[in-house]
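Chemist: Quick one: the structure is below, and I'll ask about it shortly.
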Amino acid sequence: MKIAVVDDSKEDAQRIVAYLEQFQQEHGLTLDIKTFYASFDFLEEYQGDYDVIFLDIEMPGSSGLEVAHEIRSRDQAVGIIFITSLAQYAIDGYEVQAIDFMVKPVGYYNFSMKLEKAFRFIESHREQDILVSNKEGIFRITVSDILYIEKDRDYLLFHTKQGCSQMRGSLKEIKGKLNSLPFSECNSGCLIHLNCIKRIGKDSVVLTSGQELPLSRRLKKQFAQDYINFMGGL
């Protein structure tokens, strides 16, 4: 587990680090912990590779909530736990799907309960995410957010509910990574998430987003069977 502690108060940050070290000893874990005392330093380094982020809401420069919005634009799966001096700020965490919040001064029992909750969240998302690497950095995409993946020369385009991301790669490689997940090939250059299908027509597939994609005659029978199997049969 890779964990970041982002808090402009060294005293509060060091308390969380001490709790993390105590927790890993009690549970026989190995935690990779890194501390940041400025939101700018954290965002400059962030590449979507943390599992849990303890994030102070009230920080100079970019607030914890602003940082969380930036994180969520890149990573839908990381667990965020807010730390705050004022409980009324915690309600803002729902905007960025925070796991929970803790009010300062944080006690160890409360901390350990929140961390266990974060680990359960990570475990439930672990096999549902893929990493996309390009010149802008490394991003984690939740599989359930993918509408379809298409080949464009030497690149793969990941069309998601949030937008489009690309990385170098082949359709064969990504098919191998998604082998056990509900994707099917509708034509030689496109994989569709079966949960995003609204209708299968004669020569096209209409997605729940309203997009219409071509359906290969050669692949139509297998594609339709994959969809039927996914839906539990007829």
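Numbering starts fresh at 1 for the residues of each chain in the structure tokens, the chains themselves are lettered A, B, ... in the order given, and ligands are numbered from 1 as they appear.
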Applying 9 Å and only C-alpha atoms, which residues near A:Met1 remain after dropping the ones on its own chain fewer than 5 positions away? List them as a VMD selection string.

Modeler: chain A and resid 29 to 33 50 to 52 119

Chemist: Please, which residues of stretch 18-136 of chain A, numbered as in this document, come out strand (DSSP E or B) from DSSP, as a list of chain:residue names?

Modeler: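 Residues of stretch 18-136 of chain A classed as strand (DSSP E or B): A:Asp32, A:Ile33, A:Lys34, A:Thr35, A:Phe36, A:Val52, A:Ile53, A:Phe54, A:Leu55, A:Asp56, A:Asp75, A:Gly79, A:Ile80, A:Ile81, A:Phe82, A:Ile83, A:Thr84, A:Asp100, A:Phe101, A:Met102, A:Val103, A:Asp129, A:Ile130, A:Leu131, A:Val132, A:Ser133, A:Asn134.
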
Chemist: Would you mind listing what lies within 9 Å of A:Ser39 as an MDAnalysis selection string, with only C-alpha atoms counted and same-chain residues fewer than 2 positions away left out?

Modeler: chainID A and resid 6:8 36:37 41:44 59:64 67

Chemist: Could those selected residues go to a file with N, CA, C and O atoms, as a PDB file, in the first residue's frame?

Modeler:
```pdb
ATOM      1  N   VAL A   6      -0.946  14.577   3.382  1.00  0.00           N
ATOM      2  CA  VAL A   6      -0.802  15.944   2.884  1.00  0.00           C
ATOM      3  C   VAL A   6      -1.409  16.894   3.916  1.00  0.00           C
ATOM      4  O   VAL A   6      -2.628  16.983   4.054  1.00  0.00           O
ATOM      5  N   ASP A   7      -0.540  17.603   4.640  1.00  0.00           N
ATOM      6  CA  ASP A   7      -0.996  18.491   5.721  1.00  0.00           C
ATOM      7  C   ASP A   7       0.085  19.547   5.953  1.00  0.00           C
ATOM      8  O   ASP A   7       1.261  19.203   6.115  1.00  0.00           O
ATOM      9  N   ASP A   8      -0.313  20.814   5.978  1.00  0.00           N
ATOM     10  CA  ASP A   8       0.671  21.882   6.179  1.00  0.00           C
ATOM     11  C   ASP A   8       1.164  21.946   7.630  1.00  0.00           C
ATOM     12  O   ASP A   8       2.171  22.588   7.918  1.00  0.00           O
ATOM     13  N   PHE A  36       3.730  15.227   2.670  1.00  0.00           N
ATOM     14  CA  PHE A  36       3.825  16.493   1.942  1.00  0.00           C
ATOM     15  C   PHE A  36       3.262  17.596   2.836  1.00  0.00           C
ATOM     16  O   PHE A  36       2.178  17.443   3.404  1.00  0.00           O
ATOM     17  N   TYR A  37       3.990  18.707   2.922  1.00  0.00           N
ATOM     18  CA  TYR A  37       3.540  19.819   3.760  1.00  0.00           C
ATOM     19  C   TYR A  37       2.957  20.964   2.942  1.00  0.00           C
ATOM     20  O   TYR A  37       2.577  21.990   3.501  1.00  0.00           O
ATOM     21  N   ASP A  41       3.381  20.861  -3.788  1.00  0.00           N
ATOM     22  CA  ASP A  41       4.404  19.815  -3.895  1.00  0.00           C
ATOM     23  C   ASP A  41       3.769  18.463  -4.193  1.00  0.00           C
ATOM     24  O   ASP A  41       4.293  17.668  -4.990  1.00  0.00           O
ATOM     25  N   PHE A  42       2.648  18.206  -3.548  1.00  0.00           N
ATOM     26  CA  PHE A  42       1.970  16.919  -3.768  1.00  0.00           C
ATOM     27  C   PHE A  42       1.447  16.806  -5.193  1.00  0.00           C
ATOM     28  O   PHE A  42       1.668  15.793  -5.873  1.00  0.00           O
ATOM     29  N   LEU A  43       0.749  17.821  -5.677  1.00  0.00           N
ATOM     30  CA  LEU A  43       0.178  17.773  -7.017  1.00  0.00           C
ATOM     31  C   LEU A  43       1.257  17.707  -8.087  1.00  0.00           C
ATOM     32  O   LEU A  43       1.066  17.078  -9.139  1.00  0.00           O
ATOM     33  N   GLU A  44       2.383  18.353  -7.834  1.00  0.00           N
ATOM     34  CA  GLU A  44       3.471  18.340  -8.807  1.00  0.00           C
ATOM     35  C   GLU A  44       4.030  16.939  -8.984  1.00  0.00           C
ATOM     36  O   GLU A  44       4.421  16.538 -10.078  1.00  0.00           O
ATOM     37  N   MET A  59      -5.671  24.277   3.957  1.00  0.00           N
ATOM     38  CA  MET A  59      -4.257  24.508   3.670  1.00  0.00           C
ATOM     39  C   MET A  59      -4.102  25.793   2.875  1.00  0.00           C
ATOM     40  O   MET A  59      -4.988  26.160   2.093  1.00  0.00           O
ATOM     41  N   PRO A  60      -2.972  26.506   3.057  1.00  0.00           N
ATOM     42  CA  PRO A  60      -2.730  27.699   2.239  1.00  0.00           C
ATOM     43  C   PRO A  60      -2.513  27.313   0.780  1.00  0.00           C
ATOM     44  O   PRO A  60      -2.143  26.181   0.475  1.00  0.00           O
ATOM     45  N   GLY A  61      -2.747  28.244  -0.129  1.00  0.00           N
ATOM     46  CA  GLY A  61      -2.652  27.924  -1.549  1.00  0.00           C
ATOM     47  C   GLY A  61      -3.894  27.176  -1.973  1.00  0.00           C
ATOM     48  O   GLY A  61      -5.016  27.636  -1.753  1.00  0.00           O
ATOM     49  N   SER A  62      -3.713  26.006  -2.532  1.00  0.00           N
ATOM     50  CA  SER A  62      -4.859  25.172  -2.915  1.00  0.00           C
ATOM     51  C   SER A  62      -5.387  24.444  -1.685  1.00  0.00           C
ATOM     52  O   SER A  62      -4.633  23.769  -0.990  1.00  0.00           O
ATOM     53  N   SER A  63      -6.687  24.575  -1.414  1.00  0.00           N
ATOM     54  CA  SER A  63      -7.282  23.879  -0.272  1.00  0.00           C
ATOM     55  C   SER A  63      -7.333  22.379  -0.557  1.00  0.00           C
ATOM     56  O   SER A  63      -7.190  21.937  -1.700  1.00  0.00           O
ATOM     57  N   GLY A  64      -7.562  21.604   0.504  1.00  0.00           N
ATOM     58  CA  GLY A  64      -7.664  20.170   0.338  1.00  0.00           C
ATOM     59  C   GLY A  64      -8.758  19.768  -0.633  1.00  0.00           C
ATOM     60  O   GLY A  64      -8.624  18.807  -1.391  1.00  0.00           O
ATOM     61  N   VAL A  67      -7.514  20.334  -4.142  1.00  0.00           N
ATOM     62  CA  VAL A  67      -6.571  19.257  -4.460  1.00  0.00           C
ATOM     63  C   VAL A  67      -7.327  17.973  -4.803  1.00  0.00           C
ATOM     64  O   VAL A  67      -7.005  17.271  -5.757  1.00  0.00           O
TER      65      VAL A  67
END
```

Chemist: Compile the contact shell of stretch 147-154 of chain A as a PyMOL selection string: residues with an atom at most 10 Å away, counting only C-alpha atoms, same-chain residues fewer than 2 positions apart removed.

Modeler: chain A and resi 143-145+156-171+174-175+183-197+207-209+211+213

Chemist: Report as a list of chain:residue names all protein, DNA and RNA residues lying within 12 Å of A:Arg15, evaluated on only C-alpha atoms, omitting residues in the same chain fewer than 6 positions from it.

Modeler: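 The contact residues come out as A:Val5, A:Asp7, A:Ser9, A:Glu21, A:Gln22, A:Thr35, A:Phe54, A:Ile83, A:Lys104, A:Pro105, A:Val106, A:Gly107, A:Tyr108, A:Phe111.
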
Chemist: Could you give me, as a CSV table (one decimal) with C-alpha atoms, in the first residue's frame, the residues within 12 Å of A:Ala77, counting only C-alpha atoms and dropping anything in the same chain fewer than 2 positions from it?

Modeler:
```csv
chain,number,residue,atom,x,y,z
A,48,GLY,CA,-2.0,8.3,-9.8
A,49,ASP,CA,0.1,5.7,-7.9
A,50,TYR,CA,-1.2,6.2,-4.3
A,51,ASP,CA,-3.8,3.9,-2.7
A,52,VAL,CA,-4.8,6.2,0.1
A,53,ILE,CA,-4.4,9.9,0.6
A,71,ILE,CA,-6.9,14.2,-8.0
A,72,ARG,CA,-10.4,12.9,-9.0
A,73,SER,CA,-9.9,14.4,-12.6
A,74,ARG,CA,-7.0,11.9,-12.9
A,75,ASP,CA,-7.9,9.0,-10.6
A,79,GLY,CA,-9.1,6.4,-1.4
A,80,ILE,CA,-9.3,10.0,0.0
A,96,VAL,CA,-15.1,14.1,-4.6
A,97,GLN,CA,-16.3,10.8,-3.3
A,98,ALA,CA,-14.1,10.9,-0.2
A,99,ILE,CA,-14.2,7.7,1.8
A,118,ALA,CA,-10.1,2.7,3.1
A,119,PHE,CA,-8.5,-0.7,2.7
A,121,PHE,CA,-12.6,0.4,-0.5
A,122,ILE,CA,-9.2,-0.3,-2.3
A,123,GLU,CA,-9.8,-4.0,-2.3
A,124,SER,CA,-13.2,-3.6,-3.9
A,125,HIS,CA,-11.6,-1.5,-6.7
A,126,ARG,CA,-8.3,-3.3,-7.1
A,127,GLU,CA,-9.3,-5.5,-10.1
A,128,GLN,CA,-11.5,-2.9,-11.6
A,129,ASP,CA,-8.9,-0.3,-12.6
A,130,ILE,CA,-6.3,0.0,-15.4
A,131,LEU,CA,-3.4,2.3,-15.7
A,139,PHE,CA,-3.7,7.8,-14.8
A,140,ARG,CA,-5.9,5.2,-13.2
A,141,ILE,CA,-9.2,4.6,-15.0
A,142,THR,CA,-12.1,2.7,-13.3
A,143,VAL,CA,-13.2,0.0,-15.7
A,144,SER,CA,-16.9,0.6,-15.1
A,145,ASP,CA,-16.4,4.2,-16.4
```

Chemist: Can you tell me how far atom CA of A:Ser216 sits from atom CA of A:Arg199, in Å to one decimal?

Modeler: 14.9 Å

Chemist: Please compute the atom CA of A:Lys117-atom CA of A:Asp12 distance, one decimal, in Å.

Modeler: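 Separation between atom CA of A:Lys117 and atom CA of A:Asp12: 20.8 Å.
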